[in-house]
Amino acid sequence: MFSLSGQLKTLDGTFALDETGGQIGELTPLGQLTVDEHDHIKFVSIYPRETATGKPIYPAP
């Protein structure tokens, strides 16, 4: 795996590992399922802030 670190490009960014094997290169988006005004379930991106389409709801209803 370490031989691929910094060399492999993915849809989420560059695959890169730190010295302990932790992933540091790819963007890991975080989302939340919510209910809209029509009672439809929708996915809201909440992280990273640059691409977020909403804010986190906590505690979840």
# chains A, B, ... in the order shown; residues from 1 in each chain; ligands from 1
$ residues_around --residues "Ser3 of chain A" --least-positions-apart "3" --cutoff "10 Å" --atoms "only C-alpha atoms" --output "MDAnalysis selection string"
chainID A and resid 6:8 16:17
$ residues_around --residues "Glu26 of chain A" --least-positions-apart "6" --cutoff "10 Å" --atoms "only C-alpha atoms" --output "VMD selection string"
chain A and resid 9 to 17
$ closest_residue --among "A:Gln23, A:Thr28, A:Thr34, A:Ser5" --to "Tyr47 of chain A" --atoms "only C-alpha atoms"
A:Thr28
$ select_by_dssp --residues "chain A" --states "strand (DSSP E or B)" --output "ChimeraX atom specification"
/A:8-10,13-15,17,23,30-35,41-47
$ write_last_selection --atoms "N, CA and C atoms" --output "PDB file, in the first residue's frame"
ATOM      1  N   LEU A   8      -1.354   7.190  -6.749  1.00  0.00           N
ATOM      2  CA  LEU A   8      -2.651   6.762  -7.266  1.00  0.00           C
ATOM      3  C   LEU A   8      -3.663   7.901  -7.179  1.00  0.00           C
ATOM      4  N   LYS A   9      -4.247   8.265  -8.314  1.00  0.00           N
ATOM      5  CA  LYS A   9      -5.272   9.312  -8.368  1.00  0.00           C
ATOM      6  C   LYS A   9      -6.643   8.638  -8.407  1.00  0.00           C
ATOM      7  N   THR A  10      -7.567   9.094  -7.546  1.00  0.00           N
ATOM      8  CA  THR A  10      -8.916   8.539  -7.493  1.00  0.00           C
ATOM      9  C   THR A  10      -9.923   9.662  -7.713  1.00  0.00           C
ATOM     10  N   GLY A  13      -9.590  12.161  -4.907  1.00  0.00           N
ATOM     11  CA  GLY A  13      -8.310  12.851  -4.740  1.00  0.00           C
ATOM     12  C   GLY A  13      -7.157  11.869  -4.794  1.00  0.00           C
ATOM     13  N   THR A  14      -6.007  12.296  -4.371  1.00  0.00           N
ATOM     14  CA  THR A  14      -4.816  11.455  -4.396  1.00  0.00           C
ATOM     15  C   THR A  14      -4.801  10.527  -3.188  1.00  0.00           C
ATOM     16  N   PHE A  15      -4.559   9.256  -3.442  1.00  0.00           N
ATOM     17  CA  PHE A  15      -4.409   8.284  -2.366  1.00  0.00           C
ATOM     18  C   PHE A  15      -3.063   8.527  -1.710  1.00  0.00           C
ATOM     19  N   LEU A  17      -0.884   8.110   2.240  1.00  0.00           N
ATOM     20  CA  LEU A  17      -0.858   7.601   3.605  1.00  0.00           C
ATOM     21  C   LEU A  17       0.198   8.342   4.418  1.00  0.00           C
ATOM     22  N   GLN A  23      -5.028   7.378   6.153  1.00  0.00           N
ATOM     23  CA  GLN A  23      -5.337   8.027   4.887  1.00  0.00           C
ATOM     24  C   GLN A  23      -5.381   9.544   5.087  1.00  0.00           C
ATOM     25  N   LEU A  30     -18.894  13.771   4.034  1.00  0.00           N
ATOM     26  CA  LEU A  30     -19.794  13.296   5.073  1.00  0.00           C
ATOM     27  C   LEU A  30     -21.169  13.862   4.787  1.00  0.00           C
ATOM     28  N   GLY A  31     -22.184  13.007   4.882  1.00  0.00           N
ATOM     29  CA  GLY A  31     -23.536  13.455   4.595  1.00  0.00           C
ATOM     30  C   GLY A  31     -24.515  12.991   5.654  1.00  0.00           C
ATOM     31  N   GLN A  32     -25.734  13.481   5.532  1.00  0.00           N
ATOM     32  CA  GLN A  32     -26.785  13.157   6.480  1.00  0.00           C
ATOM     33  C   GLN A  32     -28.100  13.047   5.715  1.00  0.00           C
ATOM     34  N   LEU A  33     -28.904  12.054   6.077  1.00  0.00           N
ATOM     35  CA  LEU A  33     -30.233  11.922   5.495  1.00  0.00           C
ATOM     36  C   LEU A  33     -31.197  12.789   6.291  1.00  0.00           C
ATOM     37  N   THR A  34     -31.992  13.585   5.580  1.00  0.00           N
ATOM     38  CA  THR A  34     -32.973  14.447   6.218  1.00  0.00           C
ATOM     39  C   THR A  34     -34.311  14.298   5.505  1.00  0.00           C
ATOM     40  N   VAL A  35     -35.343  14.880   6.067  1.00  0.00           N
ATOM     41  CA  VAL A  35     -36.664  14.872   5.449  1.00  0.00           C
ATOM     42  C   VAL A  35     -36.981  16.297   5.017  1.00  0.00           C
ATOM     43  N   ILE A  41     -37.270  11.830   1.751  1.00  0.00           N
ATOM     44  CA  ILE A  41     -35.920  11.690   2.299  1.00  0.00           C
ATOM     45  C   ILE A  41     -34.925  12.222   1.277  1.00  0.00           C
ATOM     46  N   LYS A  42     -33.982  13.029   1.741  1.00  0.00           N
ATOM     47  CA  LYS A  42     -32.953  13.548   0.842  1.00  0.00           C
ATOM     48  C   LYS A  42     -31.597  13.465   1.537  1.00  0.00           C
ATOM     49  N   PHE A  43     -30.559  13.419   0.729  1.00  0.00           N
ATOM     50  CA  PHE A  43     -29.186  13.367   1.219  1.00  0.00           C
ATOM     51  C   PHE A  43     -28.609  14.768   1.193  1.00  0.00           C
ATOM     52  N   VAL A  44     -28.040  15.196   2.314  1.00  0.00           N
ATOM     53  CA  VAL A  44     -27.435  16.518   2.418  1.00  0.00           C
ATOM     54  C   VAL A  44     -25.955  16.341   2.732  1.00  0.00           C
ATOM     55  N   SER A  45     -25.109  16.933   1.913  1.00  0.00           N
ATOM     56  CA  SER A  45     -23.673  16.918   2.168  1.00  0.00           C
ATOM     57  C   SER A  45     -23.365  17.964   3.233  1.00  0.00           C
ATOM     58  N   ILE A  46     -22.640  17.562   4.303  1.00  0.00           N
ATOM     59  CA  ILE A  46     -22.337  18.508   5.377  1.00  0.00           C
ATOM     60  C   ILE A  46     -20.844  18.741   5.585  1.00  0.00           C
ATOM     61  N   TYR A  47     -19.998  17.949   4.946  1.00  0.00           N
ATOM     62  CA  TYR A  47     -18.552  18.135   5.044  1.00  0.00           C
ATOM     63  C   TYR A  47     -17.905  17.602   3.791  1.00  0.00           C
TER      64      TYR A  47
END
$ closest_residue --among "A:Asp18, A:His38, A:Ala52, A:Ile57" --to "Phe2 of chain A" --atoms "only C-alpha atoms"
A:Asp18
$ atom_distance --atom1 "atom CA of Pro48 of chain A" --atom2 "atom CA of Ala60 of chain A"
19.3 Å
$ atom_distance --atom1 "atom CA of Thr51 of chain A" --atom2 "atom CA of Met1 of chain A"
28.6 Å
$ decode --residues "segment 5-26 of chain A" --atoms "N, CA and C atoms" --output "PDB file, in the first residue's frame"
ATOM      1  N   SER A   5       1.133   5.146  -2.276  1.00  0.00           N
ATOM      2  CA  SER A   5       0.896   6.428  -1.624  1.00  0.00           C
ATOM      3  C   SER A   5       1.470   7.582  -2.441  1.00  0.00           C
ATOM      4  N   GLY A   6       0.600   8.524  -2.774  1.00  0.00           N
ATOM      5  CA  GLY A   6       1.005   9.675  -3.575  1.00  0.00           C
ATOM      6  C   GLY A   6       1.046   9.413  -5.068  1.00  0.00           C
ATOM      7  N   GLN A   7       0.881   8.166  -5.481  1.00  0.00           N
ATOM      8  CA  GLN A   7       0.989   7.804  -6.894  1.00  0.00           C
ATOM      9  C   GLN A   7      -0.365   7.523  -7.545  1.00  0.00           C
ATOM     10  N   LEU A   8      -1.354   7.190  -6.749  1.00  0.00           N
ATOM     11  CA  LEU A   8      -2.651   6.762  -7.266  1.00  0.00           C
ATOM     12  C   LEU A   8      -3.663   7.901  -7.179  1.00  0.00           C
ATOM     13  N   LYS A   9      -4.247   8.265  -8.314  1.00  0.00           N
ATOM     14  CA  LYS A   9      -5.272   9.312  -8.368  1.00  0.00           C
ATOM     15  C   LYS A   9      -6.643   8.638  -8.407  1.00  0.00           C
ATOM     16  N   THR A  10      -7.567   9.094  -7.546  1.00  0.00           N
ATOM     17  CA  THR A  10      -8.916   8.539  -7.493  1.00  0.00           C
ATOM     18  C   THR A  10      -9.923   9.662  -7.713  1.00  0.00           C
ATOM     19  N   LEU A  11     -11.198   9.307  -7.752  1.00  0.00           N
ATOM     20  CA  LEU A  11     -12.247  10.316  -7.886  1.00  0.00           C
ATOM     21  C   LEU A  11     -12.282  11.254  -6.689  1.00  0.00           C
ATOM     22  N   ASP A  12     -11.854  10.776  -5.522  1.00  0.00           N
ATOM     23  CA  ASP A  12     -11.859  11.571  -4.297  1.00  0.00           C
ATOM     24  C   ASP A  12     -10.573  12.353  -4.075  1.00  0.00           C
ATOM     25  N   GLY A  13      -9.590  12.161  -4.907  1.00  0.00           N
ATOM     26  CA  GLY A  13      -8.310  12.851  -4.740  1.00  0.00           C
ATOM     27  C   GLY A  13      -7.157  11.869  -4.794  1.00  0.00           C
ATOM     28  N   THR A  14      -6.007  12.296  -4.371  1.00  0.00           N
ATOM     29  CA  THR A  14      -4.816  11.455  -4.396  1.00  0.00           C
ATOM     30  C   THR A  14      -4.801  10.527  -3.188  1.00  0.00           C
ATOM     31  N   PHE A  15      -4.559   9.256  -3.442  1.00  0.00           N
ATOM     32  CA  PHE A  15      -4.409   8.284  -2.366  1.00  0.00           C
ATOM     33  C   PHE A  15      -3.063   8.527  -1.710  1.00  0.00           C
ATOM     34  N   ALA A  16      -3.071   8.908  -0.427  1.00  0.00           N
ATOM     35  CA  ALA A  16      -1.826   9.174   0.283  1.00  0.00           C
ATOM     36  C   ALA A  16      -1.954   8.701   1.727  1.00  0.00           C
ATOM     37  N   LEU A  17      -0.884   8.110   2.240  1.00  0.00           N
ATOM     38  CA  LEU A  17      -0.858   7.601   3.605  1.00  0.00           C
ATOM     39  C   LEU A  17       0.198   8.342   4.418  1.00  0.00           C
ATOM     40  N   ASP A  18      -0.086   8.521   5.715  1.00  0.00           N
ATOM     41  CA  ASP A  18       0.959   9.063   6.588  1.00  0.00           C
ATOM     42  C   ASP A  18       1.829   7.918   7.081  1.00  0.00           C
ATOM     43  N   GLU A  19       2.802   8.205   7.925  1.00  0.00           N
ATOM     44  CA  GLU A  19       3.761   7.188   8.364  1.00  0.00           C
ATOM     45  C   GLU A  19       3.127   6.062   9.182  1.00  0.00           C
ATOM     46  N   THR A  20       1.918   6.285   9.727  1.00  0.00           N
ATOM     47  CA  THR A  20       1.243   5.228  10.503  1.00  0.00           C
ATOM     48  C   THR A  20       0.231   4.461   9.667  1.00  0.00           C
ATOM     49  N   GLY A  21       0.087   4.824   8.391  1.00  0.00           N
ATOM     50  CA  GLY A  21      -0.848   4.137   7.507  1.00  0.00           C
ATOM     51  C   GLY A  21      -2.203   4.808   7.425  1.00  0.00           C
ATOM     52  N   GLY A  22      -2.367   5.967   8.056  1.00  0.00           N
ATOM     53  CA  GLY A  22      -3.639   6.701   7.999  1.00  0.00           C
ATOM     54  C   GLY A  22      -3.814   7.412   6.671  1.00  0.00           C
ATOM     55  N   GLN A  23      -5.028   7.378   6.153  1.00  0.00           N
ATOM     56  CA  GLN A  23      -5.337   8.027   4.887  1.00  0.00           C
ATOM     57  C   GLN A  23      -5.381   9.544   5.087  1.00  0.00           C
ATOM     58  N   ILE A  24      -4.552  10.266   4.328  1.00  0.00           N
ATOM     59  CA  ILE A  24      -4.500  11.721   4.455  1.00  0.00           C
ATOM     60  C   ILE A  24      -4.742  12.429   3.129  1.00  0.00           C
ATOM     61  N   GLY A  25      -4.793  11.705   2.041  1.00  0.00           N
ATOM     62  CA  GLY A  25      -4.863  12.352   0.735  1.00  0.00           C
ATOM     63  C   GLY A  25      -6.252  12.539   0.174  1.00  0.00           C
ATOM     64  N   GLU A  26      -7.123  11.555   0.307  1.00  0.00           N
ATOM     65  CA  GLU A  26      -8.432  11.634  -0.319  1.00  0.00           C
ATOM     66  C   GLU A  26      -9.417  12.433   0.524  1.00  0.00           C
TER      67      GLU A  26
END
